[in-house]
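Structure file input_17.cif (mmCIF, C-alpha atoms and all ligand atoms) follows.
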data_data
loop_
_atom_site.label_atom_id
_atom_site.label_comp_id
_atom_site.auth_asym_id
_atom_site.auth_seq_id
_atom_site.Cartn_x
_atom_site.Cartn_y
_atom_site.Cartn_z
CA MET A 1 89.48 90.69 114.74
CA THR A 2 90.10 88.53 111.69
CA SER A 3 93.70 87.45 111.37
CA LEU A 4 95.55 88.17 108.18
CA ALA A 5 96.69 85.23 106.07
CA ILE A 6 98.82 87.53 103.93
CA ALA A 7 100.19 90.91 104.92
CA ALA A 8 102.60 92.80 102.70
CA ASN A 9 103.95 96.21 103.34
CA ALA A 10 105.62 98.27 100.60
CA LEU A 11 106.44 95.24 98.50
CA ARG A 12 108.97 96.12 95.83
CA LYS A 13 110.57 94.24 92.97
CA SER A 14 112.66 95.53 90.10
CA TYR A 15 114.49 93.76 87.32
CA GLY A 16 117.40 95.98 86.37
CA ASP A 17 115.91 99.42 85.89
CA LYS A 18 112.41 98.01 85.31
CA THR A 19 110.21 98.42 88.38
CA VAL A 20 107.62 95.65 88.41
CA LEU A 21 106.18 96.16 91.91
CA ASP A 22 106.52 99.67 93.20
CA GLY A 23 105.71 99.36 96.89
CA ILE A 24 102.40 97.55 97.14
CA ASP A 25 100.50 96.82 100.35
CA LEU A 26 98.35 93.72 100.70
CA ALA A 27 96.12 92.58 103.52
CA VAL A 28 94.26 89.33 102.98
CA PRO A 29 92.05 88.10 105.84
CA ALA A 30 92.24 84.39 106.61
CA GLY A 31 89.49 82.36 104.94
CA SER A 32 88.82 84.87 102.17
CA VAL A 33 89.44 85.02 98.42
CA PHE A 34 91.65 87.84 97.26
CA ALA A 35 92.05 88.56 93.56
CA LEU A 36 95.01 90.42 92.12
CA LEU A 37 93.80 91.71 88.82
CA GLY A 38 95.99 93.20 86.14
CA PRO A 39 96.78 93.20 82.45
CA ASN A 40 99.57 91.13 80.91
CA GLY A 41 102.93 91.92 82.42
CA ALA A 42 101.47 93.90 85.33
CA GLY A 43 103.47 91.88 87.86
CA LYS A 44 100.86 89.41 89.14
CA THR A 45 103.07 86.34 88.79
CA THR A 46 105.96 88.24 90.30
CA ALA A 47 103.82 89.00 93.37
CA VAL A 48 102.78 85.35 93.69
CA LYS A 49 106.39 84.18 93.35
CA ILE A 50 107.51 86.54 96.10
CA LEU A 51 104.64 85.67 98.44
CA SER A 52 105.27 81.97 97.91
CA THR A 53 109.02 82.37 98.59
CA LEU A 54 110.12 81.40 95.06
CA ILE A 55 111.89 84.71 94.56
CA THR A 56 112.91 87.42 97.00
CA PRO A 57 111.59 90.98 97.02
CA ASP A 58 113.91 93.98 96.78
CA PRO A 59 115.77 94.67 100.02
CA ASP A 60 114.00 98.00 100.55
CA SER A 61 110.61 96.26 100.75
CA GLY A 62 108.66 96.36 103.99
CA GLU A 63 107.61 93.42 106.07
CA LEU A 64 105.98 90.47 104.35
CA ARG A 65 104.08 87.86 106.35
CA VAL A 66 102.28 84.80 105.03
CA GLY A 67 100.38 82.55 107.41
CA GLY A 68 101.68 84.73 110.23
CA HIS A 69 105.31 84.01 109.33
CA ASP A 70 107.96 86.33 108.03
CA VAL A 71 108.71 85.36 104.43
CA ALA A 72 112.30 86.57 104.68
CA THR A 73 113.31 84.77 107.88
CA GLU A 74 110.86 81.85 108.06
CA ALA A 75 110.63 80.77 104.43
CA GLN A 76 110.47 77.06 105.28
CA THR A 77 107.53 77.52 107.64
CA VAL A 78 105.76 79.64 105.04
CA ARG A 79 106.33 76.94 102.41
CA ALA A 80 104.80 74.33 104.70
CA ALA A 81 101.65 76.45 105.11
CA ILE A 82 101.01 77.26 101.45
CA GLY A 83 100.20 75.64 98.14
CA VAL A 84 100.94 77.15 94.75
CA THR A 85 99.45 76.23 91.42
CA GLY A 86 99.33 77.95 88.12
CA GLN A 87 101.61 78.98 85.36
CA PHE A 88 104.59 77.11 86.83
CA SER A 89 102.65 73.90 87.35
CA ALA A 90 104.21 70.98 89.17
CA VAL A 91 102.45 68.39 87.00
CA ASP A 92 104.89 65.96 85.34
CA GLY A 93 103.39 64.92 81.99
CA LEU A 94 105.50 61.77 81.66
CA ILE A 95 103.93 59.99 84.63
CA THR A 96 100.29 59.28 85.39
CA GLY A 97 98.01 61.52 87.42
CA GLU A 98 98.07 59.01 90.24
CA GLU A 99 101.87 58.82 90.19
CA ASN A 100 102.05 62.61 90.31
CA MET A 101 99.85 62.53 93.39
CA LEU A 102 101.84 59.77 95.10
CA LEU A 103 105.07 61.63 94.37
CA MET A 104 103.60 64.68 96.06
CA ALA A 105 102.56 62.55 99.05
CA ASP A 106 106.19 61.32 99.28
CA LEU A 107 107.45 64.89 99.18
CA HIS A 108 105.16 65.68 102.10
CA HIS A 109 106.53 62.64 103.97
CA LEU A 110 103.18 60.90 104.20
CA SER A 111 103.36 57.16 104.90
CA LYS A 112 102.71 54.88 101.87
CA GLU A 113 99.30 53.99 103.24
CA GLU A 114 98.34 57.58 104.02
CA GLY A 115 99.67 58.71 100.62
CA ARG A 116 97.48 56.17 98.84
CA ARG A 117 94.45 57.13 100.91
CA VAL A 118 94.85 60.87 100.29
CA THR A 119 95.57 60.28 96.59
CA ALA A 120 92.45 58.16 96.11
CA GLU A 121 90.33 60.70 97.97
CA LEU A 122 91.59 63.68 95.97
CA LEU A 123 91.40 61.91 92.60
CA GLU A 124 87.79 61.14 93.41
CA ARG A 125 87.06 64.67 94.58
CA PHE A 126 88.51 66.20 91.42
CA ASP A 127 86.85 63.73 89.07
CA LEU A 128 90.13 62.20 87.93
CA VAL A 129 89.57 58.54 88.85
CA GLU A 130 89.08 57.40 85.27
CA ALA A 131 92.16 59.24 84.06
CA ALA A 132 94.29 58.32 87.07
CA LYS A 133 96.35 55.65 85.29
CA LYS A 134 96.97 57.67 82.13
CA PRO A 135 100.03 59.88 81.57
CA ALA A 136 99.26 63.45 82.62
CA SER A 137 100.47 64.70 79.20
CA THR A 138 97.29 63.20 77.72
CA TYR A 139 95.04 65.26 80.01
CA SER A 140 92.98 68.20 78.79
CA GLY A 141 93.78 71.68 80.09
CA GLY A 142 90.97 71.47 82.65
CA MET A 143 92.11 68.04 83.88
CA LYS A 144 95.69 69.25 84.26
CA ARG A 145 94.54 72.22 86.34
CA ARG A 146 92.43 69.92 88.50
CA LEU A 147 95.36 67.57 88.97
CA ASP A 148 97.57 70.53 89.80
CA ILE A 149 95.19 71.68 92.54
CA ALA A 150 94.73 68.12 93.81
CA MET A 151 98.53 67.82 94.10
CA THR A 152 98.67 71.08 96.01
CA LEU A 153 96.04 69.83 98.46
CA VAL A 154 98.08 66.76 99.38
CA GLY A 155 99.95 68.97 101.83
CA SER A 156 96.72 70.40 103.33
CA PRO A 157 97.79 74.01 102.82
CA ARG A 158 95.86 76.74 104.64
CA ILE A 159 96.76 79.33 102.01
CA ILE A 160 96.65 78.63 98.29
CA PHE A 161 98.07 80.78 95.51
CA LEU A 162 96.33 80.27 92.20
CA ASP A 163 98.13 82.03 89.38
CA GLU A 164 95.64 82.52 86.55
CA PRO A 165 93.87 79.24 87.35
CA THR A 166 91.46 79.35 84.42
CA THR A 167 93.50 80.94 81.65
CA GLY A 168 92.91 78.92 78.49
CA LEU A 169 90.09 76.81 79.94
CA ASP A 170 86.75 76.41 78.20
CA PRO A 171 83.68 77.83 79.97
CA ARG A 172 82.64 74.50 81.49
CA SER A 173 86.11 73.80 82.93
CA ARG A 174 86.27 77.37 84.16
CA HIS A 175 83.02 76.92 86.08
CA THR A 176 84.27 73.63 87.52
CA MET A 177 87.40 75.41 88.69
CA TRP A 178 85.33 78.19 90.27
CA GLN A 179 83.32 75.57 92.11
CA ILE A 180 86.53 73.95 93.36
CA ILE A 181 87.79 77.30 94.58
CA ARG A 182 84.53 78.02 96.40
CA GLU A 183 84.69 74.64 98.11
CA LEU A 184 88.26 75.30 99.22
CA VAL A 185 87.17 78.54 100.83
CA THR A 186 84.21 76.86 102.51
CA GLY A 187 86.78 74.51 104.02
CA GLY A 188 88.54 77.52 105.55
CA VAL A 189 91.38 77.90 103.04
CA THR A 190 92.57 81.37 102.05
CA VAL A 191 92.84 81.80 98.30
CA PHE A 192 95.12 84.35 96.64
CA LEU A 193 94.15 84.44 93.02
CA THR A 194 95.61 86.25 90.05
CA THR A 195 93.47 86.73 87.01
CA GLN A 196 92.99 88.74 83.88
CA TYR A 197 89.30 87.88 83.89
CA LEU A 198 87.09 90.44 85.50
CA GLU A 199 84.22 88.02 85.63
CA GLU A 200 86.36 85.61 87.61
CA ALA A 201 87.31 88.22 90.19
CA ASP A 202 83.69 89.33 90.37
CA GLU A 203 82.47 85.75 90.88
CA LEU A 204 85.00 84.61 93.44
CA ALA A 205 86.78 87.36 95.26
CA ASP A 206 85.86 89.00 98.54
CA ARG A 207 88.38 91.68 97.74
CA ILE A 208 90.02 92.69 94.50
CA ALA A 209 93.17 94.72 93.95
CA VAL A 210 93.86 96.17 90.53
CA LEU A 211 97.55 96.23 89.72
CA SER A 212 98.66 98.83 87.24
CA ASN A 213 102.08 100.34 86.61
CA GLY A 214 103.54 98.60 89.63
CA LYS A 215 100.98 100.02 92.05
CA ILE A 216 97.63 99.01 93.42
CA ALA A 217 95.42 101.40 91.48
CA ALA A 218 92.35 100.48 93.53
CA GLU A 219 91.26 97.91 96.05
CA GLY A 220 87.93 96.85 97.43
CA SER A 221 85.04 94.49 96.96
CA ALA A 222 83.74 94.21 93.39
CA GLU A 223 80.86 96.49 94.36
CA GLU A 224 83.14 99.11 95.90
CA LEU A 225 85.33 99.17 92.82
CA LYS A 226 82.38 99.52 90.50
CA ARG A 227 81.31 102.62 92.38
CA ILE A 228 84.55 104.50 91.78
CA VAL A 229 84.09 104.79 88.05
CA PRO A 230 81.43 106.90 86.36
CA GLY A 231 78.52 105.25 84.61
CA GLY A 232 76.42 104.39 87.65
CA HIS A 233 72.83 105.51 87.68
CA VAL A 234 69.51 105.08 89.37
CA LYS A 235 66.56 104.09 87.23
CA LEU A 236 63.01 104.93 88.22
CA ARG A 237 60.15 103.16 86.49
CA PHE A 238 56.51 104.16 86.58
CA THR A 239 53.31 102.54 85.44
CA ASP A 240 51.22 105.66 85.83
CA PRO A 241 52.04 108.21 83.05
CA ALA A 242 50.96 111.11 85.27
CA ALA A 243 53.31 110.06 88.06
CA TYR A 244 56.07 109.70 85.46
CA ARG A 245 55.48 113.21 84.14
CA ASN A 246 55.45 114.65 87.67
CA ALA A 247 58.73 112.98 88.47
CA ALA A 248 60.28 114.12 85.20
CA THR A 249 59.26 117.69 85.98
CA ALA A 250 60.47 117.50 89.57
CA LEU A 251 63.89 116.15 88.60
CA GLY A 252 64.27 118.38 85.56
CA ASP A 253 67.61 118.20 83.80
CA ALA A 254 68.97 115.79 86.41
CA ALA A 255 67.10 112.91 84.79
CA ALA A 256 67.29 111.41 81.31
CA ARG A 257 63.80 110.55 80.11
CA ASP A 258 62.55 107.46 78.37
CA ASP A 259 58.96 108.42 77.60
CA ASP A 260 58.12 105.07 76.00
CA ALA A 261 59.25 103.01 78.96
CA LEU A 262 58.05 105.59 81.53
CA ALA A 263 61.54 105.44 83.00
CA LEU A 264 63.91 108.09 84.29
CA GLN A 265 67.64 107.64 84.58
CA ILE A 266 69.56 109.72 87.09
CA PRO A 267 73.38 109.65 87.22
CA SER A 268 74.42 108.44 90.68
CA ASP A 269 77.31 106.74 92.42
CA GLY A 270 74.71 104.53 94.11
CA SER A 271 75.86 105.56 97.57
CA GLN A 272 73.47 105.69 100.48
CA ARG A 273 73.78 109.46 100.61
CA ALA A 274 72.96 109.91 96.92
CA LEU A 275 69.97 107.60 97.19
CA ARG A 276 68.66 109.36 100.27
CA SER A 277 68.91 112.73 98.58
CA LEU A 278 67.05 111.44 95.52
CA LEU A 279 64.34 109.80 97.62
CA ASP A 280 63.95 112.98 99.68
CA ARG A 281 63.37 114.95 96.49
CA LEU A 282 60.74 112.50 95.30
CA ASP A 283 59.07 112.38 98.72
CA ALA A 284 58.92 116.17 98.86
CA ASP A 285 56.77 116.10 95.72
CA GLY A 286 54.78 113.08 96.84
CA ILE A 287 56.14 111.01 93.96
CA GLU A 288 56.33 107.27 94.29
CA ALA A 289 58.11 105.22 91.64
CA ASP A 290 56.95 101.68 91.01
CA GLU A 291 60.49 100.46 90.80
CA LEU A 292 63.86 101.89 91.73
CA THR A 293 67.00 100.18 90.50
CA VAL A 294 70.59 101.06 91.20
CA HIS A 295 72.96 100.24 88.37
CA THR A 296 76.64 100.23 89.13
CA PRO A 297 79.22 100.00 86.36
CA ASP A 298 80.63 96.54 85.83
CA LEU A 299 84.17 95.47 86.57
CA ASP A 300 85.15 95.95 82.93
CA ASP A 301 84.53 99.68 83.33
CA VAL A 302 86.70 99.73 86.42
CA PHE A 303 89.48 97.72 84.86
CA PHE A 304 89.75 99.82 81.74
CA ALA A 305 89.46 103.02 83.71
CA LEU A 306 92.23 102.04 86.08
CA THR A 307 94.64 100.25 83.80
CA GLY A 308 94.04 102.17 80.61
CA ASP A 309 94.78 105.69 79.56
CA THR A 310 91.91 107.58 81.13
CA ASN A 311 91.45 110.48 83.46
CA ILE A 312 89.94 108.42 86.28
CA PRO A 313 92.10 109.15 89.31
CA ALA A 314 93.57 106.27 91.29
CA GLN A 315 91.45 105.53 94.33
CA SER A 316 92.75 107.21 97.44
CA ALA A 317 93.37 105.16 100.54
CA GLN A 318 90.68 107.11 102.32
CA SER A 319 87.99 106.49 99.73
CA ALA A 320 88.94 102.81 99.70
CA GLN A 321 88.28 102.66 103.41
CA SER A 322 85.13 104.67 103.35
CA ALA A 323 83.59 102.84 100.40
CA GLN A 324 80.66 100.91 101.70
CA SER A 325 80.02 97.32 100.80
CA ALA A 326 76.32 97.26 101.60
CA GLN A 327 75.22 98.30 98.14
CA SER A 328 74.23 95.43 95.92
CA LYS A 329 74.62 95.54 92.16
CA GLU A 330 70.95 95.73 91.52
CA SER A 331 69.02 96.71 94.57
CA VAL A 332 65.35 96.88 93.84
CA ARG A 333 62.94 98.68 96.02
N1 LIG A 401 113.21 87.15 85.74
C1 LIG A 401 112.85 88.28 85.12
N2 LIG A 401 113.76 89.10 84.58
C2 LIG A 401 113.41 90.25 83.99
N3 LIG A 401 112.14 90.69 83.85
C3 LIG A 401 111.18 89.91 84.37
C4 LIG A 401 111.47 88.67 85.02
N4 LIG A 401 110.30 88.12 85.44
C5 LIG A 401 109.33 88.97 85.06
N5 LIG A 401 109.84 90.05 84.41
C6 LIG A 401 109.08 91.18 83.87
O1 LIG A 401 108.27 91.69 84.90
C7 LIG A 401 107.01 92.12 84.38
C8 LIG A 401 105.90 91.45 85.17
O2 LIG A 401 105.86 90.07 84.86
P1 LIG A 401 104.79 89.08 85.52
O3 LIG A 401 105.02 87.74 84.91
O4 LIG A 401 104.84 89.20 86.98
O5 LIG A 401 103.45 89.72 84.97
P2 LIG A 401 101.98 89.14 85.02
O6 LIG A 401 101.12 90.23 85.54
O7 LIG A 401 101.96 87.85 85.75
O8 LIG A 401 101.67 88.92 83.51
P3 LIG A 401 100.92 87.74 82.73
O9 LIG A 401 99.47 87.97 82.94
O10 LIG A 401 101.34 87.98 81.31
O11 LIG A 401 101.42 86.46 83.29
C9 LIG A 401 107.02 91.77 82.91
O12 LIG A 401 107.34 92.94 82.20
C10 LIG A 401 108.10 90.76 82.79
O13 LIG A 401 108.70 90.83 81.52
#
Mind turning the file's structure into C-alpha cells?
Amino acid sequence: MTSLAIAANALRKSYGDKTVLDGIDLAVPAGSVFALLGPNGAGKTTAVKILSTLITPDPDSGELRVGGHDVATEAQTVRAAIGVTGQFSAVDGLITGEENMLLMADLHHLSKEEGRRVTAELLERFDLVEAAKKPASTYSGGMKRRLDIAMTLVGSPRIIFLDEPTTGLDPRSRHTMWQIIRELVTGGVTVFLTTQYLEEADELADRIAVLSNGKIAAEGSAEELKRIVPGGHVKLRFTDPAAYRNAATALGDAAARDDDALALQIPSDGSQRALRSLLDRLDADGIEADELTVHTPDLDDVFFALTGDTNIPAQSAQSAQSAQSAQSKESVR
C-alpha cells in the first residue's frame, strides 16, 4: 500500500463567522502531485498554511498528518520534512541569489563547505549561475520563482507545497516551472500544488481536488473529473457513405449527424459500460466505424460547473471512488 504524504481529516478553518475550510478531507500518496484547484479566495492558501504549520486549524478539525507526523503535536518534525514556496516567498530582494541560498544553508545548519556545494549545485540546476551575484530584486518573476524553489530544496524536503507557483509567469517560464516540478516528482518528492490554472492541474497533477465554498466539490484524476460533467460524447467516423447511413439509421435519435463529414456524435460519459453498450448496438447491425473517438469535457467545463452557479451536483464520495481512471482523453480505436 502506498503511504500517504498528507492526510487530513475534516480540516476546518474559520475567520470570525467566515468559514474558509468547512471540513475537508485530503489524502495525498507519497511521490505524487496533488493539485488543489479553486477560484480566488476559495481557501487554497489557507489550506497550505495549515498543512505547513504556519497557522493552526480550528480545534474541531480532525487529525492532520504530514510526512507521517501529527501537525498539531509534531510541528517541528513536520517543518523539517517539508518545503514551502509561493505567495509568501522567502526570497530577500536586497541580497543576491547566491546569498539567499547560503543563508538558507545556514538555517539548515549545513557546514560552510556543504552550504557552498549545495548552493552551487542548485544555482546550476535552476539556471541561475549568471544571475547568482546580482540582487534578487533585479530578477524576473520566473527567476525569483526558480530561486524560491532552489532555496526550498536546500533542506532536501520530501514534501513540497507550491502555492500558485506559476501565477504571473509568462508561458515559457511557466513551462520551465512545470519541468522543474516534474523533475522533483521523478526524484520521489511529493508535491502539493495550488493553482487557478486548469491547464496546470491537468498537466501536472495525479489527483485534483476542486475547492468551492469551503468544501471539496470533487476529487479525482483530471480524466475522472472531466467525466462528471456533461458534454462528453463518442464520435464515429466513416469513409463508406452506406455504412454511415446504416449506422445513422441504427442509432436513430441517439446520434447527431454530420452528413458532410460522415460522422455521428453520440452523447456519452465515456465510461466502459457506455462504450460497450454502444459497440454492442453497432455489432448487432454489423456496423463497423472507421474511427471511434471518445471526447471528454475539458477541465474548464468541470471547474465552471463545480465552482460556478450551475445545477451540476457535487460529486458523491461513492462516485469519486468508482470513477475509473483507465479512460484516456482521446482513445482511438
Ligand atoms: N488572516 C485572515 N483573516 C481573515 N480572513 C482571512 C485571513 N486569511 C484569509 N482570509 C480569507 O479567507 C478566504 C480564503 O483566503 P485564501 O487566501 O486561503 O484563498 P485562496 O484560495 O488562496 O485565494 P487566492 O487564489 O486569491 O490566493 C478569503 O476570503 C480571505 O479573505
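Our summary of the geometry notes that atom CA of Asn100 of chain A is positioned 28.6 Å from atom CA of Ile6 of chain A.
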I'd like the box whose edges run along x, y and z of the file and which contains every listed atom of ligand LIG 401 (chain A), padded by 3 Å per side; could you state its centre and edge lengths in Å, one decimal, as lines of an AutoDock Vina configuration file?
center_x = 106.6
center_y = 89.7
center_z = 84.1
size_x = 20.3
size_y = 12.5
size_z = 11.7
List the neighbours of Leu236 of chain A out to 7 Å using all atoms listed in the file; skip same-chain residues closer than 6 positions along the sequence, and give me the result as a CSV table (one decimal) with C-alpha atoms, in the frame of the given file.
chain,number,residue,atom,x,y,z
A,263,ALA,CA,61.5,105.4,83.0
A,264,LEU,CA,63.9,108.1,84.3
A,265,GLN,CA,67.6,107.6,84.6
A,289,ALA,CA,58.1,105.2,91.6
A,291,GLU,CA,60.5,100.5,90.8
A,292,LEU,CA,63.9,101.9,91.7
A,293,THR,CA,67.0,100.2,90.5
Item to check | Site check for ligand LIG 401 (chain A): residues at most 6 Å away, only C-alpha atoms and all ligand atoms, as a list in words | outcome: Tyr15, Val20, Gly38, Pro39, Asn40, Gly41, Ala42, Gly43, Lys44, Thr45 and Thr46 of chain A
Using C-alpha atoms, can you write the selected residues to a file as a PDB file, in the coordinates of the input?
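To be explicit, this is the file written out as out-v3.pdb:
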ATOM      1  CA  TYR A  15     114.490  93.760  87.320  1.00  0.00           C
ATOM      2  CA  VAL A  20     107.620  95.650  88.410  1.00  0.00           C
ATOM      3  CA  GLY A  38      95.990  93.200  86.140  1.00  0.00           C
ATOM      4  CA  PRO A  39      96.780  93.200  82.450  1.00  0.00           C
ATOM      5  CA  ASN A  40      99.570  91.130  80.910  1.00  0.00           C
ATOM      6  CA  GLY A  41     102.930  91.920  82.420  1.00  0.00           C
ATOM      7  CA  ALA A  42     101.470  93.900  85.330  1.00  0.00           C
ATOM      8  CA  GLY A  43     103.470  91.880  87.860  1.00  0.00           C
ATOM      9  CA  LYS A  44     100.860  89.410  89.140  1.00  0.00           C
ATOM     10  CA  THR A  45     103.070  86.340  88.790  1.00  0.00           C
ATOM     11  CA  THR A  46     105.960  88.240  90.300  1.00  0.00           C
TER      12      THR A  46
END
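Residue nearest Trp178 of chain A, chosen from A:Ile159, A:Ala205, A:Ile287, A:Leu123 and counting only C-alpha atoms: A:Ala205.
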Checklist entry - Near segment 266-274 of chain A, counting all atoms listed in the file, which residues have an atom at most 6 Å away, once you skip same-chain residues fewer than 2 positions from it, shown as a ChimeraX atom specification? => result /A:227,232-234,255,276-277
Checklist entry - Which protein, DNA or RNA residues are at most 10 Å from (88.2, 83.5, 84.4) in the file's coordinates when you count only C-alpha atoms, listed as a ChimeraX atom specification? => result /A:164-171,174-175,177-178,194-204
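Minimum atom-to-atom distances from A:Asp259, A:Ala254, A:Asp106, A:Ala247 to Asp285 of chain A were compared using all atoms listed in the file, and the lowest value belongs to A:Ala247.
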Item to check | Option closest in space to Gly155 of chain A, from A:His295, A:Lys226, A:His108, A:Arg281 [counting only C-alpha atoms] | outcome: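 For Gly155 of chain A, the nearest of the given residues is A:His108.
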Checklist entry - Between A:Ile181, A:Leu102, A:Ala305, A:Ile95, which one has atoms that come closest to Phe126 of chain A, using all atoms listed in the file? => result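 Under the stated criterion, the closest residue is A:Ile181.
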Checklist entry - Contacts of Met101 of chain A at 8 Å or less, counting only C-alpha atoms, minus same-chain residues fewer than 6 places along, as a list in words? => result Thr119, Ala150, Met151 and Val154 of chain A
May I have the selected residues written with C-alpha atoms, as a PDB file, in the frame of the given file?
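Writing the result to result_29.pdb gives the following:
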ATOM      1  CA  THR A 119      95.570  60.280  96.590  1.00  0.00           C
ATOM      2  CA  ALA A 150      94.730  68.120  93.810  1.00  0.00           C
ATOM      3  CA  MET A 151      98.530  67.820  94.100  1.00  0.00           C
ATOM      4  CA  VAL A 154      98.080  66.760  99.380  1.00  0.00           C
TER       5      VAL A 154
END
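Interatomic distance, atom CA of Leu94 of chain A against atom CA of Ser140 of chain A: 14.4 Å.
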Next on the checklist: Which polymer residues, whether protein, DNA or RNA, lie within 7 Å of the coordinate (92.5, 84.2, 110.7) when you count all atoms listed in the file? List them as a list in words, using the chain letters and numbers from the file.
Outcome noted: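 Those within range, by chain then number, are Thr2, Ser3, Leu4, Ala5, Pro29, Ala30 and Gly31 of chain A.
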Item to check | Residue nearest Leu251 of chain A - candidates A:Glu130, A:Glu114, A:Glu224, A:Asp283, atoms counted: only C-alpha atoms | outcome: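 Smallest distance to Leu251 of chain A is found for A:Asp283.
Distances from A:Thr186, A:Thr152, A:Ser89, A:Thr138 to Val118 of chain A were compared using only C-alpha atoms, and the smallest one belongs to A:Thr152.
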Item to check | Å distance separating atom CA of Arg158 of chain A from atom CA of Val189 of chain A, one decimal place | outcome: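 Between atom CA of Arg158 of chain A and atom CA of Val189 of chain A the gap is 4.9 Å.
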Next on the checklist: Neighbouring residues of segment 50-65 of chain A were defined as those with any atom within 12 Å, considering all atoms listed in the file; residues of the same chain fewer than 2 positions away were excluded. Please report them as an NGL selection string.
Outcome noted: :A and (3-16 or 19-28 or 43-48 or 67-85 or 88 or 157 or 159-163 or 192-193)
Take segment 217-235 of chain A from the block and save it with N, CA and C atoms, as a CSV table (one decimal), in the first residue's frame.
chain,number,residue,atom,x,y,z
A,217,ALA,N,-15.5,20.1,-3.8
A,217,ALA,CA,-16.7,19.8,-4.6
A,217,ALA,C,-16.5,18.5,-5.4
A,218,ALA,N,-15.3,18.2,-5.8
A,218,ALA,CA,-15.0,17.0,-6.5
A,218,ALA,C,-13.5,16.6,-6.4
A,219,GLU,N,-13.2,15.4,-6.5
A,219,GLU,CA,-11.8,15.0,-6.4
A,219,GLU,C,-11.5,13.8,-7.3
A,220,GLY,N,-10.4,13.8,-8.0
A,220,GLY,CA,-10.1,12.6,-8.8
A,220,GLY,C,-9.0,13.0,-9.8
A,221,SER,N,-8.7,12.1,-10.7
A,221,SER,CA,-7.7,12.4,-11.7
A,221,SER,C,-8.4,13.4,-12.7
A,222,ALA,N,-7.6,14.1,-13.5
A,222,ALA,CA,-8.2,15.0,-14.5
A,222,ALA,C,-9.3,14.3,-15.3
A,223,GLU,N,-8.9,13.1,-15.7
A,223,GLU,CA,-9.9,12.3,-16.5
A,223,GLU,C,-11.2,12.0,-15.8
A,224,GLU,N,-11.0,11.6,-14.5
A,224,GLU,CA,-12.2,11.3,-13.8
A,224,GLU,C,-13.1,12.5,-13.6
A,225,LEU,N,-12.5,13.7,-13.3
A,225,LEU,CA,-13.3,14.9,-13.1
A,225,LEU,C,-14.0,15.3,-14.4
A,226,LYS,N,-13.3,15.1,-15.5
A,226,LYS,CA,-13.9,15.5,-16.8
A,226,LYS,C,-15.2,14.7,-17.1
A,227,ARG,N,-15.2,13.5,-16.5
A,227,ARG,CA,-16.3,12.6,-16.8
A,227,ARG,C,-17.6,12.9,-16.0
A,228,ILE,N,-17.4,13.8,-15.0
A,228,ILE,CA,-18.6,14.0,-14.1
A,228,ILE,C,-19.4,15.2,-14.6
A,229,VAL,N,-18.9,15.9,-15.7
A,229,VAL,CA,-19.8,17.0,-16.2
A,229,VAL,C,-20.3,16.6,-17.6
A,230,PRO,N,-21.4,17.1,-18.0
A,230,PRO,CA,-22.0,16.7,-19.3
A,230,PRO,C,-21.1,17.3,-20.4
A,231,GLY,N,-21.3,16.9,-21.6
A,231,GLY,CA,-20.5,17.4,-22.7
A,231,GLY,C,-19.7,16.3,-23.3
A,232,GLY,N,-19.5,15.2,-22.7
A,232,GLY,CA,-18.8,14.1,-23.3
A,232,GLY,C,-19.5,13.4,-24.4
A,233,HIS,N,-18.8,13.0,-25.4
A,233,HIS,CA,-19.5,12.2,-26.4
A,233,HIS,C,-18.5,11.3,-27.1
A,234,VAL,N,-19.2,10.4,-27.9
A,234,VAL,CA,-18.4,9.5,-28.7
A,234,VAL,C,-18.6,9.9,-30.1
A,235,LYS,N,-17.5,9.9,-30.9
A,235,LYS,CA,-17.7,10.3,-32.3
A,235,LYS,C,-17.3,9.1,-33.2
